[in-house]
Amino acid sequence: MDKELNKILKETGNRNPFTVPENYFENFAVEIDTKIGKDRLSVKKLLKPWLYLAAMFVGLFLMGNVFYAVYQNNRKMDADLYEMYVMSQIDQTVVLDYYPVESDDYE
Amino acid sequence: MADIEEHNILSQLVNPKTNAQAFSKLVRLYQERLYWHIRKMVLSHEDANDVLQNTFMKAWNGLAGFRGESQISTWLYRIATNETLTFLTNKRMRNISGIDDVEGLLLGQLQAETYFSGNEAEMKLQKAILTLPEKQRLVFNMKYFDDLTYEEMENILETSVGALKASYHHAVKKIEKYLTEEKVT
């Protein structure tokens with residue numbers, strides 16, 4: 001014990017006056033093992049719904065991409081077809097009249 | 001021997017496949033030391049049990065953050081000390097409107113404690129220790145009962161050796177004064 005302590009403290013001594021219930025430490029260690037086991041399980045359980053949600057979003061994103069690509073393609077095809085249709089309906093002579101006459105032609 | 005064991009446990013703790021088993025070993029290796037460290041501060045067995053459980057669960061959850069810069073025992077002691085001081089602060093906050101202060105409450109708990117086998121002198125010593133501020137109590141217990149060196153305490157409490165020596169010196173003087181007065185009355 002420390003030199004600094006006087007007679008009273010030396011007489012009292014530094015014995016640990018506290019006690020614990022029987023088998024406390026054996027049971028405590030087992031309790032912590034159980035908690036750790038549950039904790040490991042609960043981490044997996046906690047992650048599972050988030051993983052499902054993330055997978056769902058990835059699926060939706062990919063499907064969205066496919067639908068968008070198809071939609072864009074259809075729109076382009078429609079526009080091409082409409083142009084062809086309009087051109088087929090116009091009288092070619094009217095079209096020729098519509099085009100501006102080159103300035104040389106007036107001379 | 002303990003160092004070799006600590007080194008083995010440390011290498012197993014960083015591996016996710018073996019960390020649960022290694023942590024279980026760690027609990028068995030340090031639970032008694034940490035329990036007594038906490039118990040001498042909170043005095044009641046029930047409270048010490050709660051704080052010890054929190055200590056190990058905090059350590060388990062913070063395992064990824066432990067880089068091995070200090071010894072495992074120092075790291076665990078630090079968590080246990082912080083948990084104990086937090087527990088006492090919360091107790092003080094809960095009891096702010098109560099009749100007794102926390103020290104009075106702890107003393108009442110100690111006198112009613114089933115798991116106390118001390119004689120009259122030891123009870124008086126515990127009462128004297130309770131008159132100290134928390135940090136001094138911590139330093140006194142670690143030096144007087146656990147016989148830790150100032151260097152070990154410096155790592156755990158992150159306080160300089162000089163400050164620890166001064167703190168212990170003041171604590172001893174206050175306790176001696178209390179015990180002398182008790183003897184006279």
# chains A, B, ... in the order shown; residues from 1 in each chain; ligands from 1
call {"tool": "closest_atom_pairs", "arguments": {"of": "chain A", "to": "chain B", "cutoff": "7 Å", "atoms": "only C-alpha atoms", "output": "JSON lines"}}
result
{"residue": "A:Leu5", "atom": "CA", "partner": "B:Val172", "partner_atom": "CA", "distance": 6.9}
{"residue": "A:Thr12", "atom": "CA", "partner": "B:Ala121", "partner_atom": "CA", "distance": 6.0}
{"residue": "A:Asn14", "atom": "CA", "partner": "B:Phe145", "partner_atom": "CA", "distance": 5.3}
{"residue": "A:Pro17", "atom": "CA", "partner": "B:Gly118", "partner_atom": "CA", "distance": 4.4}
{"residue": "A:Phe18", "atom": "CA", "partner": "B:Phe116", "partner_atom": "CA", "distance": 4.5}
{"residue": "A:Thr19", "atom": "CA", "partner": "B:Tyr115", "partner_atom": "CA", "distance": 4.8}
{"residue": "A:Val20", "atom": "CA", "partner": "B:Tyr115", "partner_atom": "CA", "distance": 5.8}
{"residue": "A:Ala29", "atom": "CA", "partner": "B:Arg28", "partner_atom": "CA", "distance": 6.2}
{"residue": "A:Asp33", "atom": "CA", "partner": "B:Ser24", "partner_atom": "CA", "distance": 6.2}
call {"tool": "residues_around", "arguments": {"residues": "Ser70 (chain B)", "least_positions_apart": "4", "cutoff": "10 Å", "atoms": "only C-alpha atoms", "output": "PyMOL selection string"}}
result
chain B and resi 66+74-75+155-156
call {"tool": "write_last_selection", "arguments": {"atoms": "N, CA, C and O atoms", "output": "JSON list (two decimals), in the first residue's frame"}}
result
[["chain", "number", "residue", "atom", "x", "y", "z"],
["B", 66, "PHE", "N", -12.08, 0.46, -33.02],
["B", 66, "PHE", "CA", -10.88, 0.21, -32.20],
["B", 66, "PHE", "C", -9.71, -0.13, -33.10],
["B", 66, "PHE", "O", -9.72, -1.14, -33.81],
["B", 74, "THR", "N", -7.04, -1.02, -21.62],
["B", 74, "THR", "CA", -7.16, 0.44, -21.45],
["B", 74, "THR", "C", -8.42, 0.95, -22.11],
["B", 74, "THR", "O", -9.16, 1.76, -21.55],
["B", 75, "TRP", "N", -8.66, 0.45, -23.34],
["B", 75, "TRP", "CA", -9.85, 0.84, -24.09],
["B", 75, "TRP", "C", -11.11, 0.48, -23.31],
["B", 75, "TRP", "O", -12.03, 1.30, -23.15],
["B", 155, "ASN", "N", -3.28, 6.62, -18.91],
["B", 155, "ASN", "CA", -3.83, 6.15, -20.18],
["B", 155, "ASN", "C", -5.34, 6.02, -20.14],
["B", 155, "ASN", "O", -6.03, 6.32, -21.11],
["B", 156, "ILE", "N", -5.85, 5.55, -19.01],
["B", 156, "ILE", "CA", -7.29, 5.32, -18.91],
["B", 156, "ILE", "C", -8.05, 6.64, -18.77],
["B", 156, "ILE", "O", -9.04, 6.88, -19.47]]
call {"tool": "residues_around", "arguments": {"residues": "Glu158 (chain B)", "least_positions_apart": "2", "cutoff": "12 Å", "atoms": "only C-alpha atoms", "output": "compact mmCIF listing (two decimals) with all heavy atoms, in the first residue's frame"}}
result
# COMPACT_ATOMS: atom_id res chain seq x y z
N SER B 70 -4.22 1.67 -28.40
CA SER B 70 -3.99 1.44 -26.97
C SER B 70 -4.28 -0.04 -26.68
O SER B 70 -4.79 -0.75 -27.54
CB SER B 70 -4.93 2.32 -26.14
OG SER B 70 -6.28 1.98 -26.41
N THR B 74 -7.04 -1.02 -21.62
CA THR B 74 -7.16 0.44 -21.45
C THR B 74 -8.42 0.95 -22.11
O THR B 74 -9.16 1.76 -21.55
CB THR B 74 -5.92 1.14 -22.07
OG1 THR B 74 -4.76 0.55 -21.52
CG2 THR B 74 -5.92 2.62 -21.82
N TRP B 75 -8.66 0.45 -23.34
CA TRP B 75 -9.85 0.84 -24.09
C TRP B 75 -11.11 0.48 -23.31
O TRP B 75 -12.03 1.30 -23.15
CB TRP B 75 -9.81 0.14 -25.45
CG TRP B 75 -10.99 0.37 -26.35
CD1 TRP B 75 -11.42 1.57 -26.84
CD2 TRP B 75 -11.86 -0.63 -26.88
NE1 TRP B 75 -12.51 1.36 -27.64
CE2 TRP B 75 -12.80 0.04 -27.69
CE3 TRP B 75 -11.94 -2.03 -26.76
CZ2 TRP B 75 -13.82 -0.65 -28.37
CZ3 TRP B 75 -12.94 -2.70 -27.45
CH2 TRP B 75 -13.87 -2.02 -28.23
N TYR B 77 -11.41 -0.13 -20.04
CA TYR B 77 -11.46 0.68 -18.80
C TYR B 77 -12.01 2.07 -19.10
O TYR B 77 -12.77 2.63 -18.33
CB TYR B 77 -10.06 0.81 -18.19
CG TYR B 77 -9.80 -0.11 -17.01
CD1 TYR B 77 -9.01 -1.24 -17.14
CD2 TYR B 77 -10.34 0.17 -15.76
CE1 TYR B 77 -8.76 -2.09 -16.05
CE2 TYR B 77 -10.10 -0.66 -14.68
CZ TYR B 77 -9.31 -1.78 -14.84
OH TYR B 77 -9.08 -2.60 -13.76
N ARG B 78 -11.60 2.61 -20.26
CA ARG B 78 -12.03 3.95 -20.64
C ARG B 78 -13.55 3.96 -20.87
O ARG B 78 -14.25 4.85 -20.39
CB ARG B 78 -11.33 4.37 -21.94
CG ARG B 78 -10.62 5.69 -21.78
CD ARG B 78 -9.95 6.04 -23.08
NE ARG B 78 -8.52 5.84 -23.02
CZ ARG B 78 -7.72 5.77 -24.08
NH1 ARG B 78 -8.23 5.84 -25.29
NH2 ARG B 78 -6.43 5.62 -23.93
N THR B 81 -15.31 3.59 -17.52
CA THR B 81 -15.24 4.84 -16.75
C THR B 81 -16.26 5.85 -17.28
O THR B 81 -17.01 6.45 -16.50
CB THR B 81 -13.81 5.43 -16.82
OG1 THR B 81 -12.90 4.43 -16.39
CG2 THR B 81 -13.67 6.67 -15.97
N ASN B 82 -16.30 6.00 -18.61
CA ASN B 82 -17.26 6.94 -19.21
C ASN B 82 -18.70 6.54 -18.91
O ASN B 82 -19.54 7.38 -18.60
CB ASN B 82 -17.05 7.04 -20.72
CG ASN B 82 -15.76 7.76 -21.06
OD1 ASN B 82 -15.25 8.51 -20.25
ND2 ASN B 82 -15.24 7.51 -22.24
N LYS B 135 -14.32 12.54 -9.68
CA LYS B 135 -13.01 12.27 -10.30
C LYS B 135 -11.99 11.84 -9.23
O LYS B 135 -11.21 10.93 -9.46
CB LYS B 135 -12.49 13.51 -11.05
CG LYS B 135 -13.26 13.78 -12.34
CD LYS B 135 -12.70 13.00 -13.51
CE LYS B 135 -13.60 13.02 -14.74
NZ LYS B 135 -13.75 14.32 -15.37
N VAL B 139 -9.98 8.24 -8.91
CA VAL B 139 -8.53 8.14 -8.77
C VAL B 139 -8.18 7.38 -7.49
O VAL B 139 -7.33 6.47 -7.50
CB VAL B 139 -7.88 9.56 -8.76
CG1 VAL B 139 -6.41 9.49 -8.43
CG2 VAL B 139 -8.10 10.24 -10.10
N TYR B 150 0.27 5.03 -11.71
CA TYR B 150 -0.17 6.33 -12.25
C TYR B 150 -0.12 6.32 -13.77
O TYR B 150 -0.93 6.97 -14.42
CB TYR B 150 0.70 7.45 -11.68
CG TYR B 150 0.38 7.81 -10.25
CD1 TYR B 150 1.30 7.62 -9.23
CD2 TYR B 150 -0.88 8.33 -9.91
CE1 TYR B 150 1.01 7.94 -7.92
CE2 TYR B 150 -1.18 8.64 -8.59
CZ TYR B 150 -0.24 8.45 -7.60
OH TYR B 150 -0.55 8.77 -6.30
N GLU B 151 0.84 5.58 -14.32
CA GLU B 151 0.98 5.53 -15.79
C GLU B 151 -0.23 4.83 -16.42
O GLU B 151 -0.75 5.26 -17.44
CB GLU B 151 2.28 4.81 -16.19
CG GLU B 151 3.54 5.62 -15.97
CD GLU B 151 3.90 5.84 -14.50
OE1 GLU B 151 3.52 4.99 -13.65
OE2 GLU B 151 4.53 6.86 -14.19
N GLU B 152 -0.67 3.74 -15.77
CA GLU B 152 -1.86 3.04 -16.27
C GLU B 152 -3.09 3.95 -16.18
O GLU B 152 -3.91 4.02 -17.10
CB GLU B 152 -2.11 1.76 -15.45
CG GLU B 152 -1.16 0.63 -15.78
CD GLU B 152 -1.24 -0.53 -14.79
OE1 GLU B 152 -1.30 -0.29 -13.57
OE2 GLU B 152 -1.26 -1.67 -15.26
N MET B 153 -3.18 4.64 -15.04
CA MET B 153 -4.31 5.55 -14.83
C MET B 153 -4.27 6.71 -15.82
O MET B 153 -5.31 7.17 -16.29
CB MET B 153 -4.29 6.09 -13.39
CG MET B 153 -4.72 5.04 -12.38
SD MET B 153 -4.17 5.42 -10.72
CE MET B 153 -5.10 6.86 -10.33
N GLU B 154 -3.07 7.14 -16.16
CA GLU B 154 -2.92 8.25 -17.12
C GLU B 154 -3.53 7.86 -18.47
O GLU B 154 -4.24 8.65 -19.09
CB GLU B 154 -1.42 8.55 -17.29
CG GLU B 154 -1.15 9.71 -18.22
CD GLU B 154 0.34 9.94 -18.47
OE1 GLU B 154 1.12 8.96 -18.41
OE2 GLU B 154 0.72 11.09 -18.71
N ASN B 155 -3.28 6.62 -18.91
CA ASN B 155 -3.83 6.15 -20.18
C ASN B 155 -5.34 6.02 -20.14
O ASN B 155 -6.03 6.32 -21.11
CB ASN B 155 -3.21 4.80 -20.56
CG ASN B 155 -1.77 4.93 -20.94
OD1 ASN B 155 -1.36 5.96 -21.47
ND2 ASN B 155 -0.98 3.90 -20.67
N ILE B 156 -5.85 5.55 -19.01
CA ILE B 156 -7.29 5.32 -18.91
C ILE B 156 -8.05 6.64 -18.77
O ILE B 156 -9.04 6.88 -19.47
CB ILE B 156 -7.61 4.39 -17.70
CG1 ILE B 156 -6.99 3.00 -17.94
CG2 ILE B 156 -9.12 4.27 -17.48
CD1 ILE B 156 -6.91 2.15 -16.68
N SER B 160 -2.77 13.80 -16.78
CA SER B 160 -1.32 13.68 -16.56
C SER B 160 -1.01 13.05 -15.20
O SER B 160 -1.83 13.14 -14.27
CB SER B 160 -0.68 15.06 -16.63
OG SER B 160 -1.06 15.81 -15.50
N VAL B 161 0.14 12.42 -15.11
CA VAL B 161 0.57 11.77 -13.87
C VAL B 161 0.59 12.77 -12.72
O VAL B 161 0.14 12.48 -11.61
CB VAL B 161 1.96 11.09 -14.06
CG1 VAL B 161 2.53 10.63 -12.74
CG2 VAL B 161 1.84 9.91 -15.02
N GLY B 162 1.08 13.98 -13.01
CA GLY B 162 1.16 15.02 -11.98
C GLY B 162 -0.22 15.35 -11.41
O GLY B 162 -0.39 15.42 -10.18
N ALA B 163 -1.18 15.51 -12.30
CA ALA B 163 -2.55 15.84 -11.87
C ALA B 163 -3.15 14.68 -11.07
O ALA B 163 -3.86 14.90 -10.08
CB ALA B 163 -3.41 16.16 -13.07
N LEU B 164 -2.84 13.46 -11.50
CA LEU B 164 -3.37 12.28 -10.80
C LEU B 164 -2.79 12.18 -9.38
O LEU B 164 -3.51 11.87 -8.43
CB LEU B 164 -3.05 11.01 -11.59
CG LEU B 164 -3.80 10.81 -12.90
CD1 LEU B 164 -3.21 9.67 -13.70
CD2 LEU B 164 -5.28 10.55 -12.64
call {"tool": "select_by_dssp", "arguments": {"residues": "region 89-131 of chain B", "states": "helix (DSSP H, G or I)", "output": "ChimeraX atom specification"}}
result
/B:89-94,102-112,120-130
call {"tool": "atom_distance", "arguments": {"atom1": "CA of Asn8 (chain B)", "atom2": "CA of Leu76 (chain B)"}}
result
16.5 Å
call {"tool": "atom_distance", "arguments": {"atom1": "CA of Phe140 (chain B)", "atom2": "CA of Thr84 (chain B)"}}
result
15.2 Å
call {"tool": "atom_distance", "arguments": {"atom1": "CA of Glu22 (chain A)", "atom2": "CA of Gln109 (chain B)"}}
result
20.2 Å
